[in-house]
Amino acid sequence: MASLKSFASVDRFIAEIASPATLRPAYVLLGDEVFLYDRCRKAVLATLAPEDTRDFCLHDLDLAETSIFEVLDRAQTPSLMAPFQVLFVRNLKILYGRGSKKEEFSAIDAYFRSPNPSALILFVADHLRIPTDLRKMDYQDKERFEKIRETLGDWCGTVELARVDENDAIKWVTTSAESRNVKFDPDAARELVDSLGADMMLIASEFEKLLLYVEGKNRVTLGDVETMVLAAKQRSLYELTDAISAKDRPRALLLLHGLLNASDGGEDAAIGHLYMLARTFRQMLIISEKNVRDPRAIWQVLWQGFRMPPFAAEDLIKQARRYKSRRELTRAIRLVARADLELRSSPANKLLVLERLILDLSTEPKPNAYDPTQQFAMELS
């Protein structure tokens, strides 16, 4: 596949780790683009952590649970069972929390002055959001970005996991299809990317389903995308939020069941639906706060990768205007977050959790009444 600008940083990283001569002792994976992170991780595992030794050489660590001192100690200690060690270290933001962290950074400097040549540390900085155009990075994220480069840049390579440009996403779809002897019509590729807001994880998932759908004819058309992606997924979701915002409880419950029945995983797809619901309510919150009334203005207030598909823009503005205040929308987001936590706790009946959520979202909040979501928010903070 031809190199695409949005993939350039990841491609450089993959090329570097392929040779001991260019491999650095550590890298910082900067950004929350999950698709690109997954690409980096797969390349690391394939190159440096073969399956037969993976149980002995791969370490997934979290700075919320493991101190940086222990991380460095593990990196420095050779394994008797594997010739090379790979350490993925999540929650890098903890290193930049309260306090000076002098001892921590002193230990980091000491390690990298004489690093273990048989170990690779990968710091995961997924608390940053990096837009396609770095000049448009949020001020707070820019400060965090610079701080990491100032403190770790001398020792670590940096890999920017920025949002994938829409045109690059379209090229990825068509060239990936070609590599598998499938023709993906240009208008179909554009519709797929537009409909999913250039979210590469969703695009990659739907891409695989489309290739299975057209198996035999080896061509994906615009009609195939509209049938398999838009009608079954996106439109149903916005119909659901339309019913919720209109406080139409019977229709909302009916649409919920339709959405679950259309999902490959049925009730097991529940967490994915909650993710999309939370995302949609966050979009509505921004639309409401920025007082957006014209669909054309959405592209100014919602960044690439966080936009809704073009067909939903007008509907979402209408839905956002049904909420009287910011408080109502943040309440909805908290309700979804609470349901998400409940689902991840393996409840006896997932459908019951979802139905209760839809009923709560479709009910007018009682003024001056105790709101359990407020207590839930306090517990999370």
# chains A, B, ... in the order shown; residues from 1 in each chain; ligands from 1

$ residues_around --residues "Ser6 of chain A" --least-positions-apart "4" --cutoff "10 Å" --atoms "only C-alpha atoms" --output "list of chain:residue names"
A:Val10, A:Asp11, A:Leu36, A:Thr132, A:Asp133, A:Glu160, A:Leu161, A:Ala162, A:Arg163, A:Val164, A:Asp165, A:Glu166, A:Asn167, A:Asp168, A:Ala169

$ write_last_selection --atoms "C-alpha atoms" --output "PDB file, in the first residue's frame"
ATOM      1  CA  VAL A  10       3.404   5.021  12.215  1.00  0.00           C
ATOM      2  CA  ASP A  11       5.137   3.798   9.039  1.00  0.00           C
ATOM      3  CA  LEU A  36      -3.089   3.642  14.521  1.00  0.00           C
ATOM      4  CA  THR A 132      -5.068  15.876  11.570  1.00  0.00           C
ATOM      5  CA  ASP A 133      -3.680  19.412  11.419  1.00  0.00           C
ATOM      6  CA  GLU A 160       2.069  10.777  16.596  1.00  0.00           C
ATOM      7  CA  LEU A 161      -1.239   8.936  16.510  1.00  0.00           C
ATOM      8  CA  ALA A 162      -3.216  11.795  14.984  1.00  0.00           C
ATOM      9  CA  ARG A 163      -6.684  11.682  13.477  1.00  0.00           C
ATOM     10  CA  VAL A 164      -6.617  10.237   9.974  1.00  0.00           C
ATOM     11  CA  ASP A 165      -7.374  12.705   7.192  1.00  0.00           C
ATOM     12  CA  GLU A 166     -10.635  11.971   5.357  1.00  0.00           C
ATOM     13  CA  ASN A 167      -8.943  11.695   1.958  1.00  0.00           C
ATOM     14  CA  ASP A 168      -6.319   9.342   3.392  1.00  0.00           C
ATOM     15  CA  ALA A 169      -9.089   7.230   4.931  1.00  0.00           C
TER      16      ALA A 169
END

$ residues_around --residues "Leu255 of chain A" --least-positions-apart "6" --cutoff "10 Å" --atoms "only C-alpha atoms" --output "mmCIF file with C-alpha atoms, in the first residue's frame"
data_model
loop_
_atom_site.group_PDB
_atom_site.id
_atom_site.type_symbol
_atom_site.label_atom_id
_atom_site.label_comp_id
_atom_site.auth_asym_id
_atom_site.auth_seq_id
_atom_site.Cartn_x
_atom_site.Cartn_y
_atom_site.Cartn_z
ATOM 1 C CA SER A 236 -31.183 3.730 13.426
ATOM 2 C CA LEU A 237 -29.023 5.389 16.074
ATOM 3 C CA TYR A 238 -30.169 8.902 15.126
ATOM 4 C CA GLU A 239 -33.774 7.712 15.014
ATOM 5 C CA LEU A 240 -33.263 6.465 18.577
ATOM 6 C CA THR A 241 -31.833 9.774 19.816
ATOM 7 C CA ALA A 243 -37.223 9.546 19.960
ATOM 8 C CA ARG A 249 -40.723 6.459 25.302
ATOM 9 C CA ASN A 261 -31.824 -7.172 16.630
#

$ closest_residue --among "A:Ile333, A:Ile121, A:Ala189, A:Val353" --to "Ile108 of chain A" --atoms "only C-alpha atoms"
A:Ile121

$ closest_residue --among "A:Phe281, A:Phe69, A:Phe123, A:Tyr37" --to "Asp242 of chain A" --atoms "only C-alpha atoms"
A:Phe281

$ atom_distance --atom1 "atom CA of Ser195 of chain A" --atom2 "atom CA of Ile170 of chain A"
11.8 Å

$ select_by_dssp --residues "segment 140-275 of chain A" --states "strand (DSSP E)" --output "list in words"
Gly157, Thr158, Val159, Glu160, Lys183, Phe184, Arg219 and Val220 of chain A

$ write_last_selection --atoms "N, CA and C atoms" --output "compact mmCIF listing (two decimals), in the first residue's frame"
# COMPACT_ATOMS: atom_id res chain seq x y z
N GLY A 157 11.80 7.84 21.07
CA GLY A 157 11.22 8.24 19.80
C GLY A 157 9.76 8.59 20.03
N THR A 158 9.23 9.49 19.23
CA THR A 158 7.81 9.86 19.38
C THR A 158 7.04 9.44 18.14
N VAL A 159 5.86 8.89 18.37
CA VAL A 159 4.99 8.45 17.28
C VAL A 159 3.66 9.16 17.46
N GLU A 160 3.30 9.99 16.49
CA GLU A 160 2.07 10.78 16.60
C GLU A 160 0.90 9.99 16.04
N LYS A 183 -12.82 -4.53 -5.90
CA LYS A 183 -12.91 -3.15 -6.35
C LYS A 183 -13.89 -2.41 -5.45
N PHE A 184 -13.44 -1.34 -4.84
CA PHE A 184 -14.29 -0.52 -3.96
C PHE A 184 -14.54 0.78 -4.70
N ARG A 219 -16.93 -6.65 -5.69
CA ARG A 219 -17.07 -5.21 -5.94
C ARG A 219 -18.02 -4.61 -4.91
N VAL A 220 -17.60 -3.49 -4.30
CA VAL A 220 -18.44 -2.80 -3.32
C VAL A 220 -18.97 -1.53 -3.97

$ closest_residue --among "A:Gln76, A:Val173, A:Lys324, A:Val89" --to "Ser118 of chain A" --atoms "only C-alpha atoms"
A:Gln76

$ residues_around --residues "Glu215 of chain A" --least-positions-apart "3" --cutoff "12 Å" --atoms "only C-alpha atoms" --output "number ranges by chain"
A: 177, 180-183, 208-212, 218-220, 224

$ atom_distance --atom1 "atom CA of Leu222 of chain A" --atom2 "atom CA of Leu260 of chain A"
24.5 Å

$ residues_around --residues "Ser67 of chain A" --least-positions-apart "6" --cutoff "10 Å" --atoms "only C-alpha atoms" --output "list in words"
Leu61, Asp73, Ile94, Leu95 and Glu104 of chain A

$ write_last_selection --atoms "N, CA and C atoms" --output "PDB file, in the first residue's frame"
ATOM      1  N   LEU A  61       1.578  -2.904  31.305  1.00  0.00           N
ATOM      2  CA  LEU A  61       1.629  -2.279  32.624  1.00  0.00           C
ATOM      3  C   LEU A  61       0.835  -0.979  32.633  1.00  0.00           C
ATOM      4  N   ASP A  73      12.717  -1.222  36.472  1.00  0.00           N
ATOM      5  CA  ASP A  73      13.401  -2.388  37.018  1.00  0.00           C
ATOM      6  C   ASP A  73      13.129  -3.624  36.156  1.00  0.00           C
ATOM      7  N   ILE A  94      -0.040  10.060  34.481  1.00  0.00           N
ATOM      8  CA  ILE A  94       0.235  10.050  35.922  1.00  0.00           C
ATOM      9  C   ILE A  94       1.615  10.629  36.209  1.00  0.00           C
ATOM     10  N   LEU A  95       2.550  10.458  35.282  1.00  0.00           N
ATOM     11  CA  LEU A  95       3.891  11.035  35.463  1.00  0.00           C
ATOM     12  C   LEU A  95       3.862  12.552  35.451  1.00  0.00           C
ATOM     13  N   GLU A 104      11.097  10.394  39.999  1.00  0.00           N
ATOM     14  CA  GLU A 104      10.668   9.566  38.872  1.00  0.00           C
ATOM     15  C   GLU A 104      11.467   9.897  37.612  1.00  0.00           C
TER      16      GLU A 104
END

$ atom_distance --atom1 "atom CA of Phe7 of chain A" --atom2 "atom CA of Leu277 of chain A"
28.7 Å

$ residues_around --residues "Asp60 of chain A" --least-positions-apart "2" --cutoff "9 Å" --atoms "only C-alpha atoms" --output "PyMOL selection string"
chain A and resi 58+62+86-90

$ write_last_selection --atoms "N, CA and C atoms" --output "CSV table (one decimal), in the first residue's frame"
chain,number,residue,atom,x,y,z
A,58,LEU,N,6.2,-10.2,26.9
A,58,LEU,CA,5.3,-9.1,26.8
A,58,LEU,C,4.7,-8.7,28.1
A,62,ASP,N,0.4,-0.6,33.8
A,62,ASP,CA,-0.4,0.6,34.0
A,62,ASP,C,0.2,1.4,35.1
A,86,VAL,N,9.3,-6.6,25.9
A,86,VAL,CA,8.5,-5.5,25.4
A,86,VAL,C,7.6,-5.1,26.5
A,87,LEU,N,7.6,-3.8,26.8
A,87,LEU,CA,6.8,-3.3,27.9
A,87,LEU,C,5.9,-2.1,27.4
A,88,PHE,N,4.6,-2.4,27.4
A,88,PHE,CA,3.6,-1.3,27.0
A,88,PHE,C,3.2,-0.7,28.4
A,89,VAL,N,3.4,0.6,28.5
A,89,VAL,CA,3.1,1.3,29.7
A,89,VAL,C,2.0,2.4,29.5
A,90,ARG,N,0.8,2.1,30.1
A,90,ARG,CA,-0.3,3.0,29.9
A,90,ARG,C,-0.3,4.0,31.0

$ residues_around --residues "segment 142-150 of chain A" --least-positions-apart "2" --cutoff "12 Å" --atoms "only C-alpha atoms" --output "ChimeraX atom specification"
/A:27-31,92-97,105,123-131,134-140,152-161

$ residues_around --residues "Thr77 of chain A" --least-positions-apart "4" --cutoff "12 Å" --atoms "only C-alpha atoms" --output "ChimeraX atom specification"
/A:57,70-73,81-86,111,115-119
